[in-house]
>>> print(open('upload16.cif').read())   # mmCIF, C-alpha atoms
data_coords
#
loop_
_atom_site.label_atom_id
_atom_site.label_comp_id
_atom_site.auth_asym_id
_atom_site.auth_seq_id
_atom_site.Cartn_x
_atom_site.Cartn_y
_atom_site.Cartn_z
CA MET A 10 2.74 12.55 20.31
CA PRO A 11 4.21 9.34 18.90
CA ALA A 12 1.87 7.69 16.40
CA SER A 13 1.47 4.62 18.51
CA LEU A 14 0.07 6.43 21.54
CA VAL A 15 -2.97 7.20 19.44
CA ALA A 16 -4.87 3.97 19.02
CA PRO A 17 -8.46 4.04 17.81
CA GLY A 18 -11.07 2.10 19.75
CA PRO A 19 -12.88 -1.04 18.64
CA ASP A 20 -15.64 0.58 16.57
CA LEU A 21 -13.05 2.58 14.68
CA ASP A 22 -11.54 -0.79 13.74
CA LEU A 23 -14.86 -1.84 12.21
CA ALA A 24 -15.30 1.53 10.54
CA PHE A 25 -11.85 1.42 8.94
CA ALA A 26 -12.49 -2.13 7.77
CA ALA A 27 -15.86 -1.05 6.34
CA LEU A 28 -14.25 1.83 4.46
CA GLY A 29 -11.71 -0.52 2.89
CA ASP A 30 -14.36 -1.17 0.22
CA PRO A 31 -14.69 1.31 -2.69
CA VAL A 32 -18.49 0.90 -3.01
CA ARG A 33 -18.95 1.70 0.66
CA ARG A 34 -16.71 4.74 0.36
CA ALA A 35 -18.82 5.91 -2.60
CA LEU A 36 -21.99 5.37 -0.53
CA VAL A 37 -20.54 7.46 2.29
CA THR A 38 -19.62 10.19 -0.20
CA ARG A 39 -23.16 10.14 -1.60
CA LEU A 40 -24.74 10.24 1.88
CA ALA A 41 -22.55 13.19 2.82
CA ARG A 42 -24.74 15.19 0.39
CA GLY A 43 -27.95 14.12 2.13
CA GLU A 44 -30.24 11.23 3.10
CA ALA A 45 -31.16 8.57 0.56
CA THR A 46 -33.04 5.27 0.46
CA VAL A 47 -31.36 2.05 -0.66
CA GLY A 48 -33.16 2.36 -4.02
CA GLU A 49 -31.85 5.90 -4.52
CA LEU A 50 -28.37 4.82 -3.49
CA ALA A 51 -28.43 1.95 -5.98
CA GLU A 52 -29.21 4.19 -8.99
CA PRO A 53 -25.70 5.41 -9.88
CA PHE A 54 -24.19 1.96 -9.31
CA ASP A 55 -24.24 -1.11 -11.50
CA LEU A 56 -25.46 -3.06 -8.49
CA THR A 57 -28.73 -4.54 -7.31
CA PRO A 58 -30.60 -2.96 -4.38
CA GLN A 59 -29.82 -6.21 -2.49
CA ALA A 60 -26.09 -5.64 -2.92
CA ILE A 61 -26.44 -2.01 -1.84
CA SER A 62 -28.52 -3.15 1.12
CA HIS A 63 -25.68 -5.45 2.19
CA HIS A 64 -23.14 -2.58 2.04
CA VAL A 65 -25.51 -0.31 3.98
CA GLY A 66 -25.80 -3.07 6.60
CA VAL A 67 -22.01 -3.14 7.02
CA LEU A 68 -21.92 0.66 7.37
CA ARG A 69 -24.79 0.53 9.86
CA ARG A 70 -23.14 -2.10 12.05
CA CYS A 71 -19.98 -0.05 12.42
CA GLY A 72 -22.03 3.03 13.31
CA LEU A 73 -21.25 5.15 10.24
CA VAL A 74 -24.81 5.07 8.87
CA GLU A 75 -28.23 4.94 10.50
CA GLN A 76 -31.50 3.98 8.89
CA ARG A 77 -34.96 4.95 10.10
CA ARG A 78 -38.50 4.11 9.06
CA GLU A 79 -40.68 6.82 7.52
CA GLY A 80 -43.90 5.14 6.40
CA THR A 81 -42.79 2.81 3.61
CA ARG A 82 -39.46 4.61 3.10
CA ARG A 83 -36.33 3.70 5.01
CA PRO A 84 -33.90 6.56 4.44
CA CYS A 85 -30.22 6.20 5.33
CA ARG A 86 -28.35 8.99 7.02
CA LEU A 87 -24.61 9.48 7.54
CA ARG A 88 -23.48 9.71 11.17
CA VAL A 89 -21.19 12.68 10.72
CA ASP A 90 -20.04 12.53 14.37
CA GLN A 91 -18.67 9.01 13.81
CA LEU A 92 -17.02 9.95 10.55
CA SER A 93 -15.32 12.94 12.11
CA GLN A 94 -13.84 10.62 14.76
CA LEU A 95 -12.06 8.78 11.95
CA GLY A 96 -10.87 12.09 10.60
CA THR A 97 -9.53 13.10 14.00
CA TRP A 98 -7.61 9.87 14.31
CA ILE A 99 -6.04 10.30 10.87
CA ASP A 100 -5.18 13.93 11.74
CA GLU A 101 -3.42 12.74 14.89
CA GLN A 102 -1.41 10.27 12.84
CA ARG A 103 -0.47 13.09 10.46
CA ARG A 104 0.66 15.36 13.29
CA ALA A 105 2.74 12.61 14.88
CA TRP A 106 4.49 11.82 11.58
CA ASP A 107 5.01 15.49 10.76
CA ASP A 108 6.72 15.94 14.09
CA ARG A 109 8.83 12.82 13.52
CA LEU A 110 9.87 13.90 10.01
CA ASP A 111 10.74 17.38 11.30
CA ALA A 112 13.13 15.65 13.68
CA LEU A 113 14.49 13.49 10.85
CA GLU A 114 15.09 16.60 8.75
CA ARG A 115 17.09 18.16 11.58
CA ILE A 116 19.40 15.17 12.06
CA ILE A 117 19.66 13.69 8.56
CA ASP A 118 22.89 15.51 7.69
CA GLN A 119 24.61 14.25 10.82
CA LEU A 120 23.86 10.62 10.09
CA PRO A 121 26.34 8.21 8.49
CA PRO A 122 25.77 8.00 4.71
CA GLY A 123 24.54 4.41 4.93
CA THR A 124 25.19 1.63 2.51
CA ALA A 125 22.29 0.64 0.33
CA THR A 126 22.13 -3.06 -0.28
CA ASP A 127 19.87 -4.00 -3.11
CA GLU A 128 17.98 -6.89 -1.60
CA GLY A 129 15.17 -6.61 -4.12
CA VAL A 130 11.59 -7.22 -3.13
CA VAL A 131 11.81 -9.71 -0.31
CA ARG A 132 8.10 -10.38 -0.37
CA MET B 14 0.00 -10.17 -3.58
CA SER B 15 2.32 -7.24 -3.94
CA ALA B 16 2.48 -4.69 -1.18
CA SER B 17 1.51 -1.87 -3.49
CA ALA B 18 -1.69 -3.59 -4.66
CA GLU B 19 -2.57 -4.46 -1.10
CA LEU B 20 -2.08 -0.89 0.05
CA ARG B 21 -3.92 0.87 -2.76
CA ASP B 22 -6.71 2.16 -0.52
CA ASP B 23 -4.65 3.51 2.30
CA GLU B 24 -4.21 6.94 3.71
CA LEU B 25 -1.41 9.35 2.81
CA ILE B 26 -0.12 10.48 6.19
CA ALA B 27 2.96 12.51 5.33
CA ARG B 28 5.08 13.56 2.42
CA ARG B 29 8.42 15.31 2.67
CA HIS B 30 11.40 16.39 0.58
CA LEU B 31 14.68 15.74 2.32
CA SER B 32 18.03 17.09 1.19
CA ALA B 33 19.82 13.77 1.49
CA ALA B 34 20.28 10.79 -0.81
CA PRO B 35 17.73 7.93 -0.58
CA GLU B 36 20.44 5.62 0.81
CA ARG B 37 20.95 7.99 3.73
CA VAL B 38 17.22 8.24 4.41
CA TRP B 39 16.93 4.46 4.20
CA ALA B 40 19.76 4.13 6.71
CA ALA B 41 17.97 6.56 9.02
CA PHE B 42 14.90 4.33 9.10
CA THR B 43 16.80 1.08 9.55
CA SER B 44 19.71 1.80 11.90
CA PRO B 45 19.12 1.80 15.66
CA ALA B 46 21.13 4.96 16.39
CA SER B 47 19.19 7.11 13.93
CA ILE B 48 15.79 5.62 14.83
CA ALA B 49 16.63 6.67 18.39
CA ALA B 50 17.53 10.13 17.13
CA PHE B 51 14.27 10.99 15.38
CA TRP B 52 11.45 8.54 16.18
CA GLY B 53 10.24 10.42 19.25
CA GLY B 54 10.01 13.70 17.36
CA SER B 55 9.85 16.70 19.70
CA HIS B 56 7.44 15.04 22.13
CA ALA B 57 9.37 12.04 23.37
CA THR B 58 12.94 10.81 23.64
CA VAL B 59 14.08 7.37 22.59
CA PRO B 60 17.01 5.96 24.63
CA PRO B 61 19.52 4.70 22.00
CA GLY B 62 20.08 1.49 23.97
CA SER B 63 16.37 0.64 23.76
CA VAL B 64 16.28 0.30 19.96
CA THR B 65 16.54 -3.15 18.42
CA VAL B 66 16.40 -3.77 14.67
CA ASP B 67 16.07 -7.17 12.98
CA LEU B 68 15.87 -6.12 9.35
CA ARG B 69 14.14 -9.01 7.58
CA PRO B 70 10.49 -9.77 6.74
CA GLY B 71 8.99 -11.25 9.89
CA GLY B 72 11.69 -9.57 11.93
CA GLY B 73 11.05 -6.17 13.38
CA PHE B 74 12.17 -3.17 15.32
CA ALA B 75 11.35 -2.04 18.81
CA LEU B 76 12.09 1.01 20.91
CA ASP B 77 11.19 2.81 24.12
CA THR B 78 9.62 6.25 23.96
CA ARG B 79 10.00 8.40 27.05
CA ALA B 80 7.52 11.25 27.50
CA PRO B 81 8.59 14.49 29.25
CA ASP B 82 6.88 13.26 32.45
CA GLY B 83 9.09 10.15 32.39
CA ALA B 84 6.38 7.72 31.27
CA THR B 85 8.06 5.04 29.16
CA ARG B 86 6.33 2.97 26.55
CA ARG B 87 7.76 0.12 24.49
CA LEU B 88 6.72 0.17 20.84
CA ARG B 89 7.11 -2.92 18.67
CA PHE B 90 6.87 -3.18 14.91
CA THR B 91 7.08 -6.16 12.55
CA TYR B 92 8.63 -5.85 9.09
CA VAL B 93 6.30 -7.00 6.31
CA SER B 94 8.55 -6.23 3.34
CA ILE B 95 11.91 -4.62 2.85
CA THR B 96 12.96 -3.22 -0.52
CA ALA B 97 16.20 -1.32 0.03
CA PRO B 98 16.46 1.60 -0.45
CA ARG B 99 12.94 2.18 -1.80
CA GLU B 100 10.13 0.84 0.36
CA LEU B 101 9.76 -0.29 3.94
CA VAL B 102 6.49 -1.83 5.15
CA PHE B 103 5.93 -2.57 8.83
CA ASP B 104 3.00 -3.43 11.08
CA GLU B 105 2.40 -2.44 14.65
CA PRO B 106 0.73 -5.58 16.04
CA VAL B 107 -0.75 -3.83 19.08
CA THR B 108 -2.64 -1.21 17.08
CA GLY B 109 -3.02 -3.16 13.82
CA LEU B 110 -1.51 -0.29 11.86
CA ARG B 111 0.40 -1.01 8.66
CA THR B 112 2.84 1.72 7.68
CA THR B 113 4.54 2.01 4.29
CA VAL B 114 7.50 4.35 3.96
CA THR B 115 8.60 5.01 0.38
CA VAL B 116 11.75 6.77 -0.64
CA HIS B 117 12.38 8.14 -4.16
CA PRO B 118 15.31 10.12 -5.53
CA ALA B 119 14.09 13.65 -6.33
CA GLY B 120 16.45 16.31 -7.62
CA ASP B 121 19.42 16.53 -5.25
CA GLY B 122 17.55 14.80 -2.47
CA THR B 123 14.80 12.40 -1.60
CA HIS B 124 11.04 12.41 -1.73
CA LEU B 125 9.61 10.49 1.20
CA THR B 126 6.00 9.41 1.71
CA VAL B 127 4.30 7.67 4.61
CA HIS B 128 1.07 5.75 4.05
CA GLN B 129 -0.92 3.98 6.71
CA ARG B 130 -3.83 1.61 6.81
CA ARG B 131 -5.58 -0.41 9.47
CA LEU B 132 -5.39 -4.16 9.23
CA PRO B 133 -8.70 -6.04 9.58
CA PRO B 134 -9.24 -7.16 13.20
CA GLU B 135 -9.01 -10.90 12.41
CA LEU B 136 -5.62 -10.41 10.78
CA ARG B 137 -4.48 -8.22 13.66
CA THR B 138 -4.93 -10.99 16.22
CA ALA B 139 -2.74 -13.40 14.27
CA GLN B 140 -0.28 -10.62 13.58
CA ALA B 141 -0.15 -9.68 17.25
CA ALA B 142 0.62 -13.25 18.28
CA GLY B 143 3.17 -13.72 15.47
CA GLY B 144 4.68 -10.33 16.15
CA LEU B 145 5.15 -11.05 19.82
CA ALA B 146 6.74 -14.43 19.08
CA SER B 147 9.21 -12.95 16.60
CA ILE B 148 10.07 -10.16 19.02
CA LEU B 149 10.77 -12.68 21.78
CA ASP B 150 12.87 -14.75 19.35
CA ALA B 151 14.79 -11.67 18.37
CA LEU B 152 15.34 -10.77 21.99
CA ALA B 153 16.56 -14.30 22.82
CA ALA B 154 18.96 -14.22 19.87
CA HIS B 155 20.20 -10.82 20.95
CA LEU B 156 20.78 -11.99 24.55
CA ARG B 157 22.84 -14.98 23.38
CA HIS B 158 25.48 -12.69 21.87
#
>>> encode(input="upload16.cif", output="structure tokens")
Amino acid sequence: MPASLVAPGPDLDLAFAALGDPVRRALVTRLARGEATVGELAEPFDLTPQAISHHVGVLRRCGLVEQRREGTRRPCRLRVDQLSQLGTWIDEQRRAWDDRLDALERIIDQLPPGTATDEGVVR
Amino acid sequence: MSASAELRDDELIARRHLSAAPERVWAAFTSPASIAAFWGGSHATVPPGSVTVDLRPGGGFALDTRAPDGATRRLRFTYVSITAPRELVFDEPVTGLRTTVTVHPAGDGTHLTVHQRRLPPELRTAQAAGGLASILDALAAHLRH
């Protein structure tokens, strides 16, 4: 399938934007090993619990993380179903490009050699 | 901001060794006839007459893909940066996908990589509007000739 026929929905947009941040990716990696509170999440980072709390909020709003109340604790849990949706989308992109590059490989020798013009970095 | 710094956190989608010189691979990605020949892969055909290429930043390329059941879909991309014959960066305004194709000489051929990332939604809206305008401009210019 051409790459462009596979467009993620609106919450995938938010999720991809959320994962554009290295701290949030590290939090997701940590939560993949099991639940943790904001305090526990903050430990390995040089960040305040408030900063971690902000990142958790972003991950919660895009549906990648949920947080529940357990007495005084508020553990965070990774929503693996949501994360695997992202993975599926990326896999579909990979398949589409693999298919396209297979086709390129088949025709490349029949193409005109092409003239490279060194335009430099335009932007 | 350089494209490479901006794209540091993106996703490696494909990597391939091709037994052709980088210039040839570059030409394949930037000439209408060869885009038509491979863009649809094995799942769709691209009518050669449907491909337009306006190779400059802010310009773009567009093509029709035709599925086996005859369903036709127009795809439009906007060039972000063009560094011949090394790196081609283009956005798809409709999906907010930024694709970077890099081409490096490797042995007797070329090493090609494809990276993709999603643009933030607020940027996508502006991009979609700008993309559409530049595509219409390109079409108008094309029709005048």
>>> closest_atom_pairs(input="upload16.cif", of="chain B", to="chain A", cutoff="8 Å", atoms="only C-alpha atoms", output="Markdown table")
| residue | atom | partner | partner_atom | distance |
| --- | --- | --- | --- | --- |
| B:Ser15 | CA | A:Arg132 | CA | 7.5 |
| B:Asp22 | CA | A:Gly29 | CA | 6.6 |
| B:Ile26 | CA | A:Arg103 | CA | 5.0 |
| B:Ala27 | CA | A:Arg103 | CA | 6.2 |
| B:Arg29 | CA | A:Leu110 | CA | 7.6 |
| B:Leu31 | CA | A:Glu114 | CA | 6.5 |
| B:Ala33 | CA | A:Ile117 | CA | 7.1 |
| B:Glu36 | CA | A:Ala125 | CA | 5.3 |
| B:Arg37 | CA | A:Pro122 | CA | 4.9 |
| B:Val38 | CA | A:Ile117 | CA | 7.3 |
| B:Trp39 | CA | A:Ala125 | CA | 7.6 |
| B:Ala40 | CA | A:Gly123 | CA | 5.1 |
| B:Ala41 | CA | A:Leu120 | CA | 7.2 |
| B:Ser47 | CA | A:Leu120 | CA | 7.0 |
| B:Ala50 | CA | A:Ile116 | CA | 7.4 |
| B:Phe51 | CA | A:Ala112 | CA | 5.1 |
| B:Trp52 | CA | A:Arg109 | CA | 5.7 |
| B:Gly53 | CA | A:Pro11 | CA | 6.1 |
| B:Gly54 | CA | A:Arg109 | CA | 4.1 |
| B:Ser55 | CA | A:Asp108 | CA | 6.5 |
| B:His56 | CA | A:Met10 | CA | 5.6 |
| B:Ala57 | CA | A:Met10 | CA | 7.3 |
| B:Pro70 | CA | A:Val131 | CA | 7.2 |
| B:Leu88 | CA | A:Ser13 | CA | 7.3 |
| B:Val93 | CA | A:Arg132 | CA | 7.7 |
| B:Ser94 | CA | A:Arg132 | CA | 5.6 |
| B:Ile95 | CA | A:Val131 | CA | 6.0 |
| B:Thr96 | CA | A:Val130 | CA | 5.0 |
| B:Ala97 | CA | A:Asp127 | CA | 5.5 |
| B:Pro98 | CA | A:Ala125 | CA | 6.0 |
| B:Thr108 | CA | A:Ala16 | CA | 6.0 |
| B:Arg131 | CA | A:Phe25 | CA | 6.6 |
| B:Leu132 | CA | A:Ala26 | CA | 7.5 |
| B:Pro133 | CA | A:Ala26 | CA | 5.7 |
| B:Pro134 | CA | A:Asp22 | CA | 6.8 |
>>> resolve_selection(input="upload16.cif", expression="the PyMOL selection byres ((chain A and resi 64) around 12)", output="PyMOL selection string")
chain A and resi 27-37+47+50-51+56-63+65-71+73-74+85
>>> residues_near_point(input="upload16.cif", point="(-36.6, 8.9, 6.0)", cutoff="12 Å", atoms="only C-alpha atoms", output="PyMOL selection string")
chain A and resi 43-47+49+75-86
>>> residues_around(input="upload16.cif", residues="segment 109-119 of chain B", least_positions_apart="4", cutoff="6 Å", atoms="all atoms listed in the file", output="ChimeraX atom specification")
/B:35,99-105,123-132,137
>>> resolve_selection(input="upload16.cif", expression="the PyMOL selection byres ((chain B and resi 85) around 12)", output="list in words")
Pro11 and Leu14 of chain A; Gly53, Ala57, Thr58, Val59, Pro60, Ser63, Leu76, Asp77, Thr78, Arg79, Ala80, Pro81, Asp82, Gly83, Ala84, Arg86, Arg87 and Leu88 of chain B
